[in-house]
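S.K.: Below is target_22.txt; it holds compact mmCIF, C-alpha atoms and all ligand atoms.
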```
# COMPACT_ATOMS: atom_id res chain seq x y z
CA MET A 13 161.82 126.50 -1.05
CA LEU A 14 161.00 127.10 2.58
CA LYS A 15 161.89 130.56 3.89
CA PHE A 16 162.51 131.29 7.56
CA ASP A 17 162.49 134.95 8.70
CA ILE A 18 163.61 135.45 12.30
CA ILE A 19 162.63 138.67 14.10
CA THR A 20 164.98 139.31 17.02
CA ILE A 21 166.77 142.06 18.91
CA PHE A 22 169.94 139.90 18.71
CA PRO A 23 170.42 139.03 15.01
CA ASP A 24 174.12 138.26 15.66
CA PHE A 25 173.03 135.44 17.96
CA PHE A 26 172.30 133.38 14.82
CA ARG A 27 175.61 134.04 13.07
CA ALA A 28 177.02 130.51 13.28
CA ALA A 29 173.83 128.59 14.02
CA PHE A 30 172.97 127.62 10.45
CA GLU A 31 176.50 127.14 9.11
CA TYR A 32 176.87 123.44 9.92
CA GLY A 33 175.82 119.98 8.83
CA ILE A 34 172.37 119.30 7.47
CA ILE A 35 171.14 122.89 7.74
CA ARG A 36 174.13 124.23 5.86
CA ARG A 37 173.67 121.64 3.11
CA ALA A 38 169.94 122.33 2.85
CA ARG A 39 170.67 126.05 2.47
CA GLU A 40 173.38 125.45 -0.11
CA ALA A 41 171.05 123.12 -2.03
CA GLY A 42 168.43 125.90 -2.15
CA LEU A 43 165.89 123.86 -0.15
CA VAL A 44 165.63 126.46 2.61
CA GLU A 45 166.59 130.08 3.17
CA ILE A 46 167.11 131.55 6.65
CA ALA A 47 167.41 135.25 7.50
CA ALA A 48 167.66 136.98 10.89
CA HIS A 49 166.23 140.51 11.06
CA ASP A 50 166.85 143.18 13.70
CA LEU A 51 163.54 144.21 15.29
CA ARG A 52 164.98 147.71 15.84
CA ALA A 53 164.90 148.27 12.07
CA TRP A 54 161.10 148.65 12.41
CA THR A 55 161.10 151.21 15.22
CA LEU A 56 160.08 154.76 14.33
CA ASP A 57 161.26 156.77 17.35
CA LYS A 58 164.73 158.24 17.66
CA HIS A 59 165.68 155.98 20.57
CA ARG A 60 164.65 152.88 18.57
CA GLN A 61 162.72 151.62 21.56
CA VAL A 62 161.45 148.03 21.31
CA ASP A 63 160.19 147.58 24.88
CA ASP A 64 158.30 149.44 27.60
CA ARG A 65 157.03 149.02 31.17
CA PRO A 66 154.06 146.72 31.77
CA PHE A 67 150.57 148.23 32.28
CA GLY A 68 149.32 147.18 35.69
CA GLY A 69 152.81 147.23 37.16
CA GLY A 70 155.26 144.45 37.83
CA ASP A 71 158.86 143.62 37.05
CA GLY A 72 160.66 143.82 33.76
CA MET A 73 159.90 145.15 30.33
CA VAL A 74 157.46 144.07 27.64
CA LEU A 75 158.17 144.06 23.89
CA LYS A 76 156.00 146.72 22.23
CA PRO A 77 153.49 145.69 19.56
CA GLU A 78 154.14 148.34 16.87
CA PRO A 79 157.62 147.25 15.65
CA ILE A 80 156.59 143.57 15.71
CA PHE A 81 153.43 144.17 13.64
CA ALA A 82 155.45 146.33 11.22
CA ALA A 83 158.18 143.67 10.91
CA VAL A 84 155.73 140.84 10.23
CA GLU A 85 153.69 142.91 7.74
CA ASN A 86 156.85 143.92 5.93
CA LEU A 87 158.33 140.40 5.81
CA THR A 88 155.06 138.80 4.67
CA GLY A 89 154.12 141.60 2.26
CA THR A 90 150.73 142.08 3.93
CA SER A 91 149.01 144.78 5.94
CA GLY A 92 145.78 143.47 7.41
CA GLY A 93 147.16 141.28 10.20
CA ARG A 94 146.69 137.52 10.39
CA SER A 95 143.74 137.26 8.00
CA SER A 96 145.75 138.67 5.10
CA PHE A 97 148.56 136.08 5.25
CA LEU A 98 148.97 133.53 2.48
CA GLU A 99 147.73 130.08 3.49
CA THR A 100 151.33 128.84 3.38
CA THR A 101 152.59 131.60 5.72
CA ARG A 102 153.08 130.72 9.37
CA VAL A 103 153.89 133.41 11.93
CA VAL A 104 155.25 131.79 15.06
CA LEU A 105 155.69 133.43 18.45
CA LEU A 106 158.23 131.52 20.55
CA SER A 107 157.19 131.65 24.18
CA PRO A 108 156.83 129.34 27.18
CA GLN A 109 153.04 129.91 26.90
CA GLY A 110 152.84 128.19 23.51
CA ARG A 111 151.77 124.65 22.58
CA VAL A 112 154.73 122.32 22.85
CA LEU A 113 156.87 121.61 19.79
CA THR A 114 156.67 117.96 18.78
CA HIS A 115 157.72 115.87 15.80
CA ARG A 116 154.17 116.27 14.49
CA VAL A 117 154.30 120.09 14.64
CA ALA A 118 157.72 120.07 12.92
CA GLN A 119 156.35 117.77 10.21
CA GLU A 120 153.36 120.03 9.66
CA LEU A 121 155.60 123.06 9.14
CA ALA A 122 158.01 121.13 6.88
CA SER A 123 155.22 119.89 4.61
CA GLU A 124 152.74 122.81 4.56
CA ALA A 125 154.65 126.05 5.04
CA GLY A 126 156.29 128.21 2.38
CA GLN A 127 157.33 130.95 4.78
CA VAL A 128 157.81 130.74 8.55
CA VAL A 129 158.25 134.03 10.41
CA LEU A 130 159.66 133.48 13.90
CA ILE A 131 159.20 136.15 16.58
CA CYS A 132 161.69 135.79 19.43
CA GLY A 133 160.32 137.07 22.73
CA ARG A 134 162.61 138.72 25.30
CA TYR A 135 162.49 140.25 28.72
CA GLU A 136 159.36 139.54 30.73
CA GLY A 137 157.17 139.05 27.71
CA VAL A 138 155.59 140.29 24.51
CA ASP A 139 152.51 142.52 24.31
CA GLU A 140 149.61 140.04 24.19
CA ARG A 141 148.07 141.70 21.11
CA VAL A 142 150.84 139.98 19.11
CA ALA A 143 149.67 136.52 20.26
CA GLU A 144 145.99 137.44 19.94
CA HIS A 145 145.88 139.15 16.56
CA LEU A 146 149.13 138.65 14.66
CA VAL A 147 150.60 135.18 15.05
CA THR A 148 149.23 131.94 13.62
CA ASP A 149 151.07 129.71 16.12
CA GLU A 150 152.44 130.29 19.63
CA ILE A 151 155.04 127.57 20.24
CA SER A 152 157.14 126.52 23.24
CA ILE A 153 160.07 124.11 22.97
CA GLY A 154 159.45 122.67 26.43
CA ASP A 155 158.33 123.31 29.98
CA TYR A 156 161.16 125.54 31.13
CA VAL A 157 161.85 129.25 30.73
CA LEU A 158 164.66 130.48 28.48
CA SER A 159 165.91 134.06 28.71
CA GLY A 160 164.63 134.61 25.19
CA GLY A 161 163.10 132.92 22.17
CA GLU A 162 166.37 132.86 20.18
CA PRO A 163 167.60 129.37 21.21
CA ALA A 164 164.04 128.11 20.71
CA ALA A 165 164.00 129.50 17.14
CA ILE A 166 167.21 127.59 16.38
CA VAL A 167 165.71 124.39 17.81
CA LEU A 168 162.52 124.77 15.78
CA ILE A 169 164.34 125.54 12.54
CA ASP A 170 166.68 122.57 13.03
CA ALA A 171 163.79 120.19 13.72
CA VAL A 172 161.86 121.41 10.66
CA VAL A 173 164.72 121.65 8.13
CA ARG A 174 165.77 118.02 8.55
CA LEU A 175 162.22 116.97 7.63
CA VAL A 176 162.17 119.01 4.41
CA PRO A 177 162.23 116.49 1.52
CA GLY A 178 165.79 116.16 0.24
CA ALA A 179 167.47 117.69 3.31
CA LEU A 180 168.74 114.36 4.60
CA GLY A 181 171.02 112.21 2.46
CA SER A 182 168.29 109.76 1.51
CA GLU A 183 164.55 110.42 1.61
CA THR A 184 164.01 107.60 4.10
CA SER A 185 166.56 108.66 6.70
CA ALA A 186 163.98 110.36 8.93
CA VAL A 187 161.59 107.39 8.84
CA ASN A 188 163.41 105.19 11.38
CA GLU A 189 164.17 107.91 13.91
CA SER A 190 162.81 108.54 17.35
CA PHE A 191 159.17 109.78 17.36
CA SER A 192 158.48 109.00 13.69
CA ASP A 193 156.60 105.84 14.77
CA GLY A 194 155.64 106.95 18.28
CA THR A 195 158.61 105.37 20.05
CA LEU A 196 162.18 106.37 20.76
CA ASP A 197 164.99 105.18 18.51
CA TYR A 198 166.72 101.81 19.07
CA PRO A 199 170.33 101.71 20.40
CA HIS A 200 173.20 102.06 17.92
CA TYR A 201 176.69 100.54 18.08
CA THR A 202 179.82 100.74 15.95
CA ARG A 203 183.34 99.31 16.09
CA PRO A 204 185.09 98.05 18.10
CA PRO A 205 182.92 95.02 18.99
CA GLU A 206 184.51 95.04 22.46
CA PHE A 207 185.61 98.19 24.31
CA ARG A 208 186.92 98.04 27.90
CA GLY A 209 185.09 94.78 28.36
CA MET A 210 181.78 96.21 27.08
CA ARG A 211 180.54 94.06 24.22
CA VAL A 212 178.24 94.98 21.35
CA PRO A 213 175.08 92.80 21.48
CA GLU A 214 175.88 89.55 19.64
CA VAL A 215 172.76 89.67 17.45
CA LEU A 216 174.01 92.84 15.71
CA LEU A 217 177.17 90.98 14.60
CA SER A 218 175.21 87.94 13.44
CA GLY A 219 174.07 89.18 10.04
CA HIS A 220 170.53 87.81 10.63
CA HIS A 221 168.44 90.73 9.42
CA GLY A 222 165.16 89.36 10.75
CA GLU A 223 166.64 88.87 14.21
CA ILE A 224 168.26 92.31 14.12
CA GLU A 225 164.92 93.96 13.19
CA LYS A 226 163.17 92.15 16.04
CA TRP A 227 165.90 93.08 18.54
CA ARG A 228 165.73 96.75 17.50
CA ARG A 229 161.93 96.86 17.86
CA GLU A 230 162.14 95.30 21.31
CA ARG A 231 164.93 97.61 22.54
CA ALA A 232 163.11 100.68 21.18
CA LEU A 233 159.98 99.70 23.10
CA GLU A 234 162.00 98.91 26.22
CA LYS A 235 163.77 102.29 26.09
CA THR A 236 160.49 104.10 25.51
CA GLN A 237 158.83 102.26 28.42
CA SER A 238 161.73 103.17 30.70
CA ASN A 239 162.48 106.78 29.66
CA ARG A 240 159.19 108.04 28.14
CA PRO A 241 156.24 105.88 29.19
CA ASP A 242 153.95 108.80 28.28
CA LEU A 243 154.65 108.14 24.57
CA LEU A 244 153.12 104.66 24.77
CA LYS A 245 149.80 105.79 26.23
N1 LIG B 301 161.11 131.71 25.40
C1 LIG B 301 161.37 131.54 26.70
N2 LIG B 301 161.18 130.26 27.07
C2 LIG B 301 160.77 129.59 25.95
C3 LIG B 301 160.41 128.25 25.67
N3 LIG B 301 160.42 127.29 26.61
N4 LIG B 301 160.05 127.94 24.42
C4 LIG B 301 160.01 128.88 23.45
N5 LIG B 301 160.35 130.16 23.65
C5 LIG B 301 160.72 130.51 24.89
```
The structure in this file should be written as structure tokens.

M.R.:
Amino acid sequence: MLKFDIITIFPDFFRAAFEYGIIRRAREAGLVEIAAHDLRAWTLDKHRQVDDRPFGGGDGMVLKPEPIFAAVENLTGTSGGRSSFLETTRVVLLSPQGRVLTHRVAQELASEAGQVVLICGRYEGVDERVAEHLVTDEISIGDYVLSGGEPAAIVLIDAVVRLVPGALGSETSAVNESFSDGTLDYPHYTRPPEFRGMRVPEVLLSGHHGEIEKWRRERALEKTQSNRPDLLK
């Protein structure tokens, strides 16, 4: 069982996110558990303040360290910061400053982690002591800036859950997908064989499995060369 604990100031953001398709089935099958927690629950002051102005000046507000440390320590059952986590515990800060999420990173989390705590950044940033002393992984979902880490947490959880053994219908379903072998996926077609004059490639209707395999390999390479040449380097 893989447990995801999301720390956020918008727990309602996740209300419907995990209620569909593969993630819903994985939850119902007891393969994964996902909980969103309100960061404000770990504030101690009467205004339940989670952010403050940046030292050194500048725009915007910065998420304070105390509630985040308290939340992570509470959710992991530890008290000594990063060094006291179980080996199977990952504490992820979602931020545009992180290393980029790839299939490999998702696979690593799906196979090694027992608990993944996800900290969703907001505003202009998160006090750097969180990245320096608390988290095990700082992860970005791509080179663009979101208004918060919440959509990124959903993306990460989705990418990881479908790689958890048993989450997909058959154990081999993830093997033929994009990225699993370093290329993009091959093109897919279904009925009708002709639609508005656009025909499905003849080889796919031929029943020659060897030829179909070869065609798919070639088209996958072609697509990768054209859309993502960086993957072939
Ligand atoms: N928060 C803001 N932008 C982000 C990104 N690109 N990835 C992860 N978290 C983020």

S.K.: When the cut-off is 8 Å and you count all atoms listed in the file, which residues lie near ligand LIG 301 (chain B), shown as a ChimeraX atom specification?

M.R.: /A:105-110,112,132-134,151-165

S.K.: May I have a table of the residues of region 14-98 of chain A lying at most 12 Å from region 116-125 of chain A, giving each one's closest pair of atoms and their distance in Å to one decimal, counting all atoms listed in the file, ordered by chain and ascending residue number, as CSV?

M.R.:
```
residue,atom,partner,partner_atom,distance
A:Leu14,CA,A:Ala125,CA,6.9
A:Lys15,CA,A:Ala125,CA,8.6
A:Phe16,CA,A:Ala125,CA,9.8
A:Leu43,CA,A:Ala122,CA,10.9
A:Val44,CA,A:Ala122,CA,10.2
A:Phe97,CA,A:Ala125,CA,11.7
A:Leu98,CA,A:Ala125,CA,9.7
```

S.K.: Create the file for the chosen residues now, containing C-alpha atoms and written as a short mmCIF file (atom, residue, chain, number, x, y, z; two decimals), in the frame of the given file.

M.R.:
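New file part.cif:
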```cif
data_model
loop_
_atom_site.label_atom_id
_atom_site.label_comp_id
_atom_site.auth_asym_id
_atom_site.auth_seq_id
_atom_site.Cartn_x
_atom_site.Cartn_y
_atom_site.Cartn_z
CA LEU A 14 161.00 127.10 2.58
CA LYS A 15 161.89 130.56 3.89
CA PHE A 16 162.51 131.29 7.56
CA LEU A 43 165.89 123.86 -0.15
CA VAL A 44 165.63 126.46 2.61
CA PHE A 97 148.56 136.08 5.25
CA LEU A 98 148.97 133.53 2.48
#
```

S.K.: Have a look at A:Val176, A:Val104, A:Val167, A:Ile224 and name the one nearest to Asp149 (chain A); count all atoms listed in the file.

M.R.: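 Using all atoms listed in the file, Asp149 (chain A) sits closest to A:Val104.
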
S.K.: Grab the CA of Ala38 (chain A) to CA of Thr195 (chain A) distance for me, in Å with one decimal place.

M.R.: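 For CA of Ala38 (chain A) relative to CA of Thr195 (chain A), the distance reads 26.7 Å.
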
S.K.: Using only C-alpha atoms, collect all residues at a distance of at most 7 Å from (157.5, 132.9, 12.0) as written in the file, then present them as a ChimeraX atom specification.

M.R.: /A:16-18,102-105,128-131

S.K.: Write the residues you've just listed into a file as a PDB file, keeping the file's coordinate frame, and include C-alpha atoms for each of them.

M.R.:
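Contents of the output file again_11.pdb:
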```pdb
ATOM      1  CA  PHE A  16     162.510 131.290   7.560  1.00  0.00           C
ATOM      2  CA  ASP A  17     162.490 134.950   8.700  1.00  0.00           C
ATOM      3  CA  ILE A  18     163.610 135.450  12.300  1.00  0.00           C
ATOM      4  CA  ARG A 102     153.080 130.720   9.370  1.00  0.00           C
ATOM      5  CA  VAL A 103     153.890 133.410  11.930  1.00  0.00           C
ATOM      6  CA  VAL A 104     155.250 131.790  15.060  1.00  0.00           C
ATOM      7  CA  LEU A 105     155.690 133.430  18.450  1.00  0.00           C
ATOM      8  CA  VAL A 128     157.810 130.740   8.550  1.00  0.00           C
ATOM      9  CA  VAL A 129     158.250 134.030  10.410  1.00  0.00           C
ATOM     10  CA  LEU A 130     159.660 133.480  13.900  1.00  0.00           C
ATOM     11  CA  ILE A 131     159.200 136.150  16.580  1.00  0.00           C
TER      12      ILE A 131
END
```

S.K.: With distances taken over only C-alpha atoms, which residue among A:Val187, A:Val147, A:Leu75, A:Val173 lies nearest Asp63 (chain A)?

M.R.: A:Leu75

S.K.: Near His49 (chain A), counting all atoms listed in the file, which residues have an atom at most 7 Å away, once you skip same-chain residues fewer than 6 positions from it, shown as JSON, numbers by chain?

M.R.: {"A": [18, 19, 20, 23]}

S.K.: Counting all atoms listed in the file, which of A:Ala53, A:Leu216, A:Ala41, A:Ala28 gets nearest to Ala82 (chain A)?

M.R.: A:Ala53

S.K.: Could you please determine the separation between CA of Leu113 (chain A) and CA of Gly93 (chain A) in Å, to one decimal place?

M.R.: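 Here the two named atoms are 23.9 Å from each other.
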
S.K.: Kindly give the distance, in Å, that separates CA of Val172 (chain A) and CA of His115 (chain A), rounded to a single decimal.

M.R.: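 Interatomic distance here is 8.6 Å.
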
S.K.: Quick one: of A:Leu233, A:Gly178, A:Phe207, A:Glu223, who's nearest to Ser190 (chain A), counting only C-alpha atoms?

M.R.: A:Leu233

S.K.: Select, from A:Asn188, A:Gln127, A:Thr101, A:Thr90, the residue with the minimum atom-to-atom distance to Glu225 (chain A), counting all atoms listed in the file.

M.R.: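 Checking each candidate against Glu225 (chain A), we get A:Asn188 as the closest.
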
S.K.: I'd like the neighbourhood of region 234-245 of chain A as an NGL selection string, where a residue qualifies if any of its atoms comes within 9 Å (using all atoms listed in the file), though same-chain residues fewer than 5 positions away should be ignored.

M.R.: :A and (191 or 194-199 or 229)

S.K.: Please, which residues are within 8 Å of (157.6, 146.7, 13.8) by the file's coordinates, counting all atoms listed in the file, and could they come as number ranges by chain?

M.R.: A: 51-55, 77-84

S.K.: Which residue out of A:Ala171, A:Ala232, A:Arg203, A:His59 has the minimum interatomic distance to Ile34 (chain A) when only C-alpha atoms are used?

M.R.: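 Of the candidates, the smallest distance to Ile34 (chain A) is held by A:Ala171.
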
S.K.: Just want the 9 Å neighbourhood of Ile35 (chain A), counted on only C-alpha atoms, with same-chain residues fewer than 3 positions away dropped. Output as a ChimeraX atom specification.

M.R.: /A:29-32,38-40,44,169-170,173-174,179

S.K.: Once 8 Å is added on each side, what centre and edge lengths in Å to one decimal does the axis-aligned box around all listed atoms of region 108-125 of chain A have, as AutoDock Vina command-line options?

M.R.:
```
--center_x 154.9 --center_y 122.9 --center_z 15.9 --size_x 22.2 --size_y 30.0 --size_z 38.6
```
